[in-house]
Amino acid sequence: MKILAIETSCDETACAILEASGGFEGPHFQVLGTTLLSQALKHREFGGVYPNLAKREHAKNLVPVLRETLKKAESLEFKNTPLSSTQEKEMSVLLKREPELCAQLLDFIPHVARPDIDAIVVTQGPGLEPALWVGINFAKALSVLWNIPLIPVNHMEGHIVSVLWEENRKSNLAFPALALLISGGHTELILVNGWLNYRTLGETRDDAVGEAFDKTARLLGLPYPGGPEIGRLAQKAREHDVHRDDIVLPRPMINSDGYDFSFSGLKTAVRYLVQNLGKLDEITKQVIAREFENAVGDVLVAKTDKAIEAHNPKTLIIGGGVIASTYLRARFQEYIKNHPAITLRIPALELATDNAVMIGIAGYFRTFSSQHSPDIRAEGNLRLS
Ligand code: KG4
Ligand code: ZN
């Protein structure tokens, strides 16, 4: 089946069209078209994502991103298909809070043929509610105009299934699986007993890992998003192999019971360190970045290891923007060498950070279970289990 996926939970406006087949037993996905517009540069001056700016940018960009995706998937056919007055009215009701998006859509839809698509899937949450709402209302409008079923998707489920996409390959995995999700808003260990069957083992009690990367970067005077910036600095420190006994950070909750995390203390420790050290030269920043990455890596590996010991998974999945980190990818590849019975699954780099392909994959699985409710509401704190 052909799926159109829409993702607007944070600061990426993304659409993708996938051809999906094989069901739960042998899922196979072909990406026919994918387009992603990152707003990261626009949010830089705020030092993080500013929800109302994200909403406005999504509203401005969704139609161009959709058009581009349809074009890439060879599904853009120009044709005169005027809207009925009922359809126009429905649009203005659905998109009353997004007049610019409504105007763009009313300008676009009457000139294109209904694409050959079997389902539209959209991120329902978790994420920034104003941003989620734009994507949801847009998806609802397309679903009504083109008469295509609409399916809501949990963004974190998207990060889990992002590991399933492999060029030209069927790609299932063995259950039970343990999923470590590390993104800008979440840090979670989840037991995956089968598709659509999740149990949260632990989660962060305060900041998410990505948030700690972003806040630490800010303390070091680096721009948003902080993860890649910290990674670059840390890599330099590793190349130069500089040692500094005065730059040591804590490993919060590394030996605590259970599978919860806490990263706000790590960020606070960086703040004190920076205050005590005074003006930071480049080498000092590099050493702090390396120590920060090492601390994060130690905690993530320790907690994952603990969950592996207890639950004996056949697969370890790592998803979320932070697994774009070269250091963390290497760290887990190293870790798994001592666990030959477990297969490590990490997403392709372009599917680690937010994208619509992973939402399409999650949506495909949801087509087998859904509740095709037309009344989808954004849920900023939507949980998997
Ligand atoms: O999954 P994601 O794209 O968005 C959310 O769902 O939150 O994750 C974004 C997070 C940001 O905090 C960003 O700094 C972090 O992922 N990130 C990285 C890297 N690339 C992105 N963290 C560490 N190293 C990276 N290379
Ligand atoms: Zn994400």
# chains A, B, ... in the order shown; residues from 1 in each chain; ligands from 1
>>> select_by_dssp(residues="segment 302-354 of chain A", states="alpha helix (DSSP H)", output="list in words")
Ala302, Lys303, Thr304, Asp305, Lys306, Ala307, Ile308, Glu309, Ala310, His311, Thr326, Tyr327, Leu328, Arg329, Ala330, Arg331, Phe332, Gln333, Glu334, Tyr335, Ile336, Lys337, Leu349, Glu350, Leu351 and Ala352 of chain A
>>> residues_near_ligand(ligand="ligand 2", cutoff="6 Å", atoms="only C-alpha atoms and all ligand atoms", output="list in words")
Ser183, Gly320 and Asp354 of chain A
>>> atom_distance(atom1="atom 9 (C, counted along the ligand's line) of ligand 1", atom2="atom CA of Ile3 of chain A")
24.4 Å
>>> select_by_dssp(residues="segment 138-174 of chain A", states="strand (DSSP E)", output="list in words")
Leu150, Ile151, Pro152, Val153 and Asn154 of chain A
>>> residues_around(residues="Gly221 of chain A", least_positions_apart="6", cutoff="10 Å", atoms="only C-alpha atoms", output="compact mmCIF listing (two decimals) with N, CA, C and O atoms, in the first residue's frame")
# COMPACT_ATOMS: atom_id res chain seq x y z
N LYS A 215 21.55 22.09 26.10
CA LYS A 215 21.81 23.06 27.17
C LYS A 215 23.32 23.18 27.44
O LYS A 215 23.82 24.27 27.70
N LEU A 280 36.75 30.33 28.88
CA LEU A 280 37.13 29.02 28.35
C LEU A 280 37.90 29.16 27.04
O LEU A 280 37.44 29.82 26.11
N LYS A 285 37.09 23.84 26.12
CA LYS A 285 35.74 23.50 25.64
C LYS A 285 35.71 22.09 25.05
O LYS A 285 34.77 21.33 25.26
>>> residues_around(residues="Pro152 of chain A", least_positions_apart="6", cutoff="7 Å", atoms="only C-alpha atoms", output="PyMOL selection string")
chain A and resi 121-124+376
>>> closest_atom_pairs(of="chain A", to="ligand 1", cutoff="6 Å", atoms="only C-alpha atoms and all ligand atoms", output="JSON lines")
{"residue": "A:Ser183", "atom": "CA", "partner": "ligand 1", "partner_atom_place_in_ligand_line": "8 (O)", "distance": 4.0}
{"residue": "A:Gly184", "atom": "CA", "partner": "ligand 1", "partner_atom_place_in_ligand_line": "7 (O)", "distance": 3.1}
{"residue": "A:Gly185", "atom": "CA", "partner": "ligand 1", "partner_atom_place_in_ligand_line": "7 (O)", "distance": 4.5}
{"residue": "A:Gly210", "atom": "CA", "partner": "ligand 1", "partner_atom_place_in_ligand_line": "12 (O)", "distance": 3.2}
{"residue": "A:Glu211", "atom": "CA", "partner": "ligand 1", "partner_atom_place_in_ligand_line": "12 (O)", "distance": 4.9}
{"residue": "A:Phe213", "atom": "CA", "partner": "ligand 1", "partner_atom_place_in_ligand_line": "14 (O)", "distance": 5.6}
{"residue": "A:Asp214", "atom": "CA", "partner": "ligand 1", "partner_atom_place_in_ligand_line": "14 (O)", "distance": 5.2}
{"residue": "A:Pro225", "atom": "CA", "partner": "ligand 1", "partner_atom_place_in_ligand_line": "14 (O)", "distance": 4.4}
{"residue": "A:Gly226", "atom": "CA", "partner": "ligand 1", "partner_atom_place_in_ligand_line": "14 (O)", "distance": 4.5}
{"residue": "A:Gly227", "atom": "CA", "partner": "ligand 1", "partner_atom_place_in_ligand_line": "22 (N)", "distance": 3.3}
{"residue": "A:Pro228", "atom": "CA", "partner": "ligand 1", "partner_atom_place_in_ligand_line": "26 (N)", "distance": 3.8}
{"residue": "A:Gly231", "atom": "CA", "partner": "ligand 1", "partner_atom_place_in_ligand_line": "24 (N)", "distance": 5.6}
{"residue": "A:Gly320", "atom": "CA", "partner": "ligand 1", "partner_atom_place_in_ligand_line": "1 (O)", "distance": 4.1}
{"residue": "A:Gly321", "atom": "CA", "partner": "ligand 1", "partner_atom_place_in_ligand_line": "8 (O)", "distance": 3.4}
{"residue": "A:Val322", "atom": "CA", "partner": "ligand 1", "partner_atom_place_in_ligand_line": "22 (N)", "distance": 3.6}
{"residue": "A:Ala324", "atom": "CA", "partner": "ligand 1", "partner_atom_place_in_ligand_line": "26 (N)", "distance": 4.4}
{"residue": "A:Ser325", "atom": "CA", "partner": "ligand 1", "partner_atom_place_in_ligand_line": "24 (N)", "distance": 3.5}
{"residue": "A:Thr353", "atom": "CA", "partner": "ligand 1", "partner_atom_place_in_ligand_line": "3 (O)", "distance": 3.4}
{"residue": "A:Asp354", "atom": "CA", "partner": "ligand 1", "partner_atom_place_in_ligand_line": "3 (O)", "distance": 4.0}
>>> residues_around(residues="segment 77-83 of chain A", least_positions_apart="4", cutoff="6 Å", atoms="only C-alpha atoms", output="PDB file with N, CA and C atoms, in the first residue's frame")
ATOM      1  N   GLN A  87     -16.808  21.592   0.178  1.00  0.00           N
ATOM      2  CA  GLN A  87     -15.395  21.301   0.483  1.00  0.00           C
ATOM      3  C   GLN A  87     -14.674  22.573   0.931  1.00  0.00           C
ATOM      4  N   PRO A 110      -7.124  22.369  -6.072  1.00  0.00           N
ATOM      5  CA  PRO A 110      -7.961  22.359  -7.288  1.00  0.00           C
ATOM      6  C   PRO A 110      -7.171  22.153  -8.573  1.00  0.00           C
ATOM      7  N   HIS A 111      -5.842  22.218  -8.477  1.00  0.00           N
ATOM      8  CA  HIS A 111      -5.032  22.093  -9.700  1.00  0.00           C
ATOM      9  C   HIS A 111      -4.320  20.759  -9.822  1.00  0.00           C
ATOM     10  N   VAL A 112      -4.523  19.886  -8.835  1.00  0.00           N
ATOM     11  CA  VAL A 112      -3.837  18.584  -8.905  1.00  0.00           C
ATOM     12  C   VAL A 112      -4.847  17.439  -8.799  1.00  0.00           C
ATOM     13  N   ALA A 113      -4.440  16.306  -9.393  1.00  0.00           N
ATOM     14  CA  ALA A 113      -5.306  15.127  -9.313  1.00  0.00           C
ATOM     15  C   ALA A 113      -5.129  14.474  -7.946  1.00  0.00           C
TER      16      ALA A 113
END
>>> residues_around(residues="Val65 of chain A", least_positions_apart="6", cutoff="7 Å", atoms="only C-alpha atoms", output="PyMOL selection string")
chain A and resi 14-15+35
>>> residues_around(residues="Asn276 of chain A", least_positions_apart="6", cutoff="12 Å", atoms="only C-alpha atoms", output="CSV table (one decimal) with C-alpha atoms, in the first residue's frame")
chain,number,residue,atom,x,y,z
A,246,ASP,CA,40.1,19.2,36.8
A,247,ILE,CA,37.4,18.5,34.2
A,269,ALA,CA,27.6,20.3,36.8
A,270,VAL,CA,28.7,21.7,33.5
>>> atom_distance(atom1="atom CA of Val299 of chain A", atom2="atom CA of Ile254 of chain A")
5.3 Å
>>> closest_atom_pairs(of="segment 87-184 of chain A", to="segment 39-53 of chain A", cutoff="10 Å", atoms="only C-alpha atoms", output="CSV")
residue,atom,partner,partner_atom,distance
A:Gly127,CA,A:Pro51,CA,9.7
A:Leu128,CA,A:Pro51,CA,6.3
A:Glu129,CA,A:Pro51,CA,8.0
A:Pro130,CA,A:Pro51,CA,6.5
A:Ala131,CA,A:Pro51,CA,6.6
A:Leu132,CA,A:Pro51,CA,9.9
>>> closest_residue(among="A:Gly363, A:Pro340, A:Pro149, A:Pro64", to="Asp107 of chain A", atoms="only C-alpha atoms")
A:Pro64
>>> closest_residue(among="A:Trp165, A:Lys71, A:Arg97, A:Leu180", to="Ile308 of chain A", atoms="only C-alpha atoms")
A:Leu180
>>> closest_residue(among="A:Trp195, A:Trp133, A:Phe175, A:Trp146", to="Tyr364 of chain A", atoms="only C-alpha atoms")
A:Trp195
>>> atom_distance(atom1="atom CA of Leu273 of chain A", atom2="atom CA of Thr326 of chain A")
24.9 Å
